[in-house]
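Below is one structure; the comments refer to it alone.
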Amino acid sequence: MLRILLCCGGGFSSSAITVRMQNEIKERGLEDQYSIDFFIL
């Protein structure tokens, strides 16, 4: 499994990108291959 962590100083942009990427992964049926999360610095 490939794990991706998005980091941002404010949190808004990283969380929005995380949601969009998670939706794309679900649409393509790749939930077992990728894991995405975000962290606010």
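In the structure tokens, the first chain shown is A, the next is B, and so on; residue numbers restart at 1 for each chain, and ligands run from 1 in the order shown.
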
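Taking only C-alpha atoms, the non-local environment of Ile36 (chain A) within 6 Å (same-chain residues fewer than 6 positions away omitted) comprises A:Arg3, A:Ile4, A:Leu5.
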
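With distances restricted to only C-alpha atoms, A:Tyr34 is the closest residue to Met1 (chain A) from A:Ile40, A:Thr18, A:Tyr34, A:Ile25.
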
**Report entry** Test item: residues at most 12 Å from Phe12 (chain A), only C-alpha atoms, excluding those fewer than 6 positions along its chain, as number ranges by chain
**Finding:** A: 6, 18-19, 38-41

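When CA of Ser14 (chain A) is paired with CA of Arg28 (chain A), their separation reads 21.1 Å.
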
Requested in this report: Within chain A, find each residue whose DSSP state, derived from the backbone, is strand (DSSP E), and express the selection as a PyMOL selection string.
Outcome: chain A and resi 2-8+34-40

Please produce an output containing N, CA, C and O atoms for each residue in the selection, written as a PDB file, in the first residue's frame.
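The resulting file, part-v3.pdb, is shown below:
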```
ATOM      1  N   LEU A   2       0.571   2.184  -0.819  1.00  0.00           N
ATOM      2  CA  LEU A   2       1.262   3.464  -0.875  1.00  0.00           C
ATOM      3  C   LEU A   2       0.526   4.440   0.029  1.00  0.00           C
ATOM      4  O   LEU A   2      -0.671   4.663  -0.126  1.00  0.00           O
ATOM      5  N   ARG A   3       1.258   5.001   0.998  1.00  0.00           N
ATOM      6  CA  ARG A   3       0.662   5.953   1.943  1.00  0.00           C
ATOM      7  C   ARG A   3       1.158   7.346   1.588  1.00  0.00           C
ATOM      8  O   ARG A   3       2.351   7.572   1.461  1.00  0.00           O
ATOM      9  N   ILE A   4       0.228   8.297   1.463  1.00  0.00           N
ATOM     10  CA  ILE A   4       0.541   9.669   1.089  1.00  0.00           C
ATOM     11  C   ILE A   4       0.102  10.595   2.209  1.00  0.00           C
ATOM     12  O   ILE A   4      -1.020  10.507   2.686  1.00  0.00           O
ATOM     13  N   LEU A   5       0.999  11.494   2.629  1.00  0.00           N
ATOM     14  CA  LEU A   5       0.694  12.471   3.662  1.00  0.00           C
ATOM     15  C   LEU A   5       0.871  13.860   3.068  1.00  0.00           C
ATOM     16  O   LEU A   5       1.943  14.195   2.575  1.00  0.00           O
ATOM     17  N   LEU A   6      -0.190  14.662   3.089  1.00  0.00           N
ATOM     18  CA  LEU A   6      -0.137  16.048   2.624  1.00  0.00           C
ATOM     19  C   LEU A   6      -0.024  16.960   3.836  1.00  0.00           C
ATOM     20  O   LEU A   6      -0.774  16.811   4.798  1.00  0.00           O
ATOM     21  N   CYS A   7       0.928  17.885   3.805  1.00  0.00           N
ATOM     22  CA  CYS A   7       1.166  18.800   4.924  1.00  0.00           C
ATOM     23  C   CYS A   7       0.960  20.233   4.464  1.00  0.00           C
ATOM     24  O   CYS A   7       1.331  20.597   3.360  1.00  0.00           O
ATOM     25  N   CYS A   8       0.390  21.053   5.367  1.00  0.00           N
ATOM     26  CA  CYS A   8       0.120  22.447   5.030  1.00  0.00           C
ATOM     27  C   CYS A   8       0.149  23.276   6.306  1.00  0.00           C
ATOM     28  O   CYS A   8      -0.193  22.795   7.383  1.00  0.00           O
ATOM     29  N   TYR A  34      -3.940   2.632  -2.030  1.00  0.00           N
ATOM     30  CA  TYR A  34      -3.511   3.962  -1.614  1.00  0.00           C
ATOM     31  C   TYR A  34      -4.199   4.391  -0.317  1.00  0.00           C
ATOM     32  O   TYR A  34      -5.369   4.089  -0.100  1.00  0.00           O
ATOM     33  N   SER A  35      -3.458   5.115   0.504  1.00  0.00           N
ATOM     34  CA  SER A  35      -3.988   5.694   1.721  1.00  0.00           C
ATOM     35  C   SER A  35      -3.512   7.146   1.780  1.00  0.00           C
ATOM     36  O   SER A  35      -2.307   7.414   1.666  1.00  0.00           O
ATOM     37  N   ILE A  36      -4.427   8.094   1.944  1.00  0.00           N
ATOM     38  CA  ILE A  36      -4.091   9.505   1.941  1.00  0.00           C
ATOM     39  C   ILE A  36      -4.576  10.158   3.237  1.00  0.00           C
ATOM     40  O   ILE A  36      -5.690   9.897   3.684  1.00  0.00           O
ATOM     41  N   ASP A  37      -3.727  11.005   3.819  1.00  0.00           N
ATOM     42  CA  ASP A  37      -4.091  11.721   5.019  1.00  0.00           C
ATOM     43  C   ASP A  37      -3.434  13.085   4.953  1.00  0.00           C
ATOM     44  O   ASP A  37      -2.577  13.331   4.122  1.00  0.00           O
ATOM     45  N   PHE A  38      -3.861  14.007   5.824  1.00  0.00           N
ATOM     46  CA  PHE A  38      -3.252  15.335   5.858  1.00  0.00           C
ATOM     47  C   PHE A  38      -2.882  15.703   7.281  1.00  0.00           C
ATOM     48  O   PHE A  38      -3.407  15.168   8.239  1.00  0.00           O
ATOM     49  N   PHE A  39      -1.919  16.623   7.370  1.00  0.00           N
ATOM     50  CA  PHE A  39      -1.407  17.066   8.657  1.00  0.00           C
ATOM     51  C   PHE A  39      -1.223  18.565   8.613  1.00  0.00           C
ATOM     52  O   PHE A  39      -0.640  19.098   7.671  1.00  0.00           O
ATOM     53  N   ILE A  40      -1.728  19.262   9.621  1.00  0.00           N
ATOM     54  CA  ILE A  40      -1.580  20.713   9.716  1.00  0.00           C
ATOM     55  C   ILE A  40      -0.364  21.008  10.573  1.00  0.00           C
ATOM     56  O   ILE A  40      -0.253  20.547  11.695  1.00  0.00           O
TER      57      ILE A  40
END
```

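Secondary structure by DSSP on the backbone puts the following residues of chain A in helix (DSSP H, G or I): Phe12, Ser13, Ser14, Ser15, Ala16, Ile17, Thr18, Val19, Arg20, Met21, Gln22, Asn23, Glu24, Ile25, Lys26, Glu27 and Arg28 of chain A.
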
Could you turn the residues from that selection into a file that holds N, CA, C and O atoms, as a PDB file, in the first residue's frame?
```pdb
ATOM      1  N   PHE A  12      -6.400  24.296   5.176  1.00  0.00           N
ATOM      2  CA  PHE A  12      -7.526  24.288   4.252  1.00  0.00           C
ATOM      3  C   PHE A  12      -7.164  23.620   2.929  1.00  0.00           C
ATOM      4  O   PHE A  12      -7.875  22.738   2.467  1.00  0.00           O
ATOM      5  N   SER A  13      -6.073  24.033   2.328  1.00  0.00           N
ATOM      6  CA  SER A  13      -5.724  23.496   1.011  1.00  0.00           C
ATOM      7  C   SER A  13      -5.377  22.015   1.084  1.00  0.00           C
ATOM      8  O   SER A  13      -5.777  21.237   0.211  1.00  0.00           O
ATOM      9  N   SER A  14      -4.650  21.597   2.118  1.00  0.00           N
ATOM     10  CA  SER A  14      -4.292  20.179   2.218  1.00  0.00           C
ATOM     11  C   SER A  14      -5.518  19.312   2.470  1.00  0.00           C
ATOM     12  O   SER A  14      -5.628  18.228   1.914  1.00  0.00           O
ATOM     13  N   SER A  15      -6.450  19.776   3.273  1.00  0.00           N
ATOM     14  CA  SER A  15      -7.644  18.973   3.523  1.00  0.00           C
ATOM     15  C   SER A  15      -8.524  18.899   2.279  1.00  0.00           C
ATOM     16  O   SER A  15      -9.102  17.850   1.990  1.00  0.00           O
ATOM     17  N   ALA A  16      -8.625  19.982   1.530  1.00  0.00           N
ATOM     18  CA  ALA A  16      -9.425  19.972   0.295  1.00  0.00           C
ATOM     19  C   ALA A  16      -8.819  19.036  -0.746  1.00  0.00           C
ATOM     20  O   ALA A  16      -9.538  18.260  -1.392  1.00  0.00           O
ATOM     21  N   ILE A  17      -7.508  19.070  -0.892  1.00  0.00           N
ATOM     22  CA  ILE A  17      -6.835  18.176  -1.843  1.00  0.00           C
ATOM     23  C   ILE A  17      -6.979  16.723  -1.388  1.00  0.00           C
ATOM     24  O   ILE A  17      -7.189  15.830  -2.209  1.00  0.00           O
ATOM     25  N   THR A  18      -6.873  16.492  -0.088  1.00  0.00           N
ATOM     26  CA  THR A  18      -7.026  15.141   0.452  1.00  0.00           C
ATOM     27  C   THR A  18      -8.400  14.575   0.120  1.00  0.00           C
ATOM     28  O   THR A  18      -8.519  13.441  -0.330  1.00  0.00           O
ATOM     29  N   VAL A  19      -9.431  15.364   0.316  1.00  0.00           N
ATOM     30  CA  VAL A  19     -10.796  14.912   0.018  1.00  0.00           C
ATOM     31  C   VAL A  19     -10.950  14.602  -1.464  1.00  0.00           C
ATOM     32  O   VAL A  19     -11.509  13.569  -1.835  1.00  0.00           O
ATOM     33  N   ARG A  20     -10.432  15.461  -2.316  1.00  0.00           N
ATOM     34  CA  ARG A  20     -10.537  15.227  -3.766  1.00  0.00           C
ATOM     35  C   ARG A  20      -9.793  13.963  -4.180  1.00  0.00           C
ATOM     36  O   ARG A  20     -10.283  13.176  -4.989  1.00  0.00           O
ATOM     37  N   MET A  21      -8.598  13.756  -3.608  1.00  0.00           N
ATOM     38  CA  MET A  21      -7.825  12.561  -3.946  1.00  0.00           C
ATOM     39  C   MET A  21      -8.500  11.298  -3.426  1.00  0.00           C
ATOM     40  O   MET A  21      -8.529  10.274  -4.109  1.00  0.00           O
ATOM     41  N   GLN A  22      -9.060  11.346  -2.210  1.00  0.00           N
ATOM     42  CA  GLN A  22      -9.770  10.187  -1.661  1.00  0.00           C
ATOM     43  C   GLN A  22     -10.979   9.833  -2.519  1.00  0.00           C
ATOM     44  O   GLN A  22     -11.249   8.652  -2.767  1.00  0.00           O
ATOM     45  N   ASN A  23     -11.706  10.829  -2.990  1.00  0.00           N
ATOM     46  CA  ASN A  23     -12.856  10.573  -3.854  1.00  0.00           C
ATOM     47  C   ASN A  23     -12.425   9.930  -5.164  1.00  0.00           C
ATOM     48  O   ASN A  23     -13.073   9.009  -5.656  1.00  0.00           O
ATOM     49  N   GLU A  24     -11.336  10.396  -5.730  1.00  0.00           N
ATOM     50  CA  GLU A  24     -10.820   9.836  -6.987  1.00  0.00           C
ATOM     51  C   GLU A  24     -10.380   8.382  -6.785  1.00  0.00           C
ATOM     52  O   GLU A  24     -10.654   7.526  -7.627  1.00  0.00           O
ATOM     53  N   ILE A  25      -9.733   8.107  -5.683  1.00  0.00           N
ATOM     54  CA  ILE A  25      -9.298   6.738  -5.385  1.00  0.00           C
ATOM     55  C   ILE A  25     -10.509   5.817  -5.250  1.00  0.00           C
ATOM     56  O   ILE A  25     -10.506   4.694  -5.772  1.00  0.00           O
ATOM     57  N   LYS A  26     -11.563   6.279  -4.581  1.00  0.00           N
ATOM     58  CA  LYS A  26     -12.775   5.467  -4.434  1.00  0.00           C
ATOM     59  C   LYS A  26     -13.438   5.223  -5.778  1.00  0.00           C
ATOM     60  O   LYS A  26     -13.889   4.114  -6.066  1.00  0.00           O
ATOM     61  N   GLU A  27     -13.503   6.256  -6.628  1.00  0.00           N
ATOM     62  CA  GLU A  27     -14.130   6.115  -7.945  1.00  0.00           C
ATOM     63  C   GLU A  27     -13.390   5.096  -8.805  1.00  0.00           C
ATOM     64  O   GLU A  27     -14.010   4.377  -9.589  1.00  0.00           O
ATOM     65  N   ARG A  28     -12.080   5.032  -8.654  1.00  0.00           N
ATOM     66  CA  ARG A  28     -11.275   4.105  -9.452  1.00  0.00           C
ATOM     67  C   ARG A  28     -11.117   2.740  -8.791  1.00  0.00           C
ATOM     68  O   ARG A  28     -10.501   1.842  -9.362  1.00  0.00           O
TER      69      ARG A  28
END
```
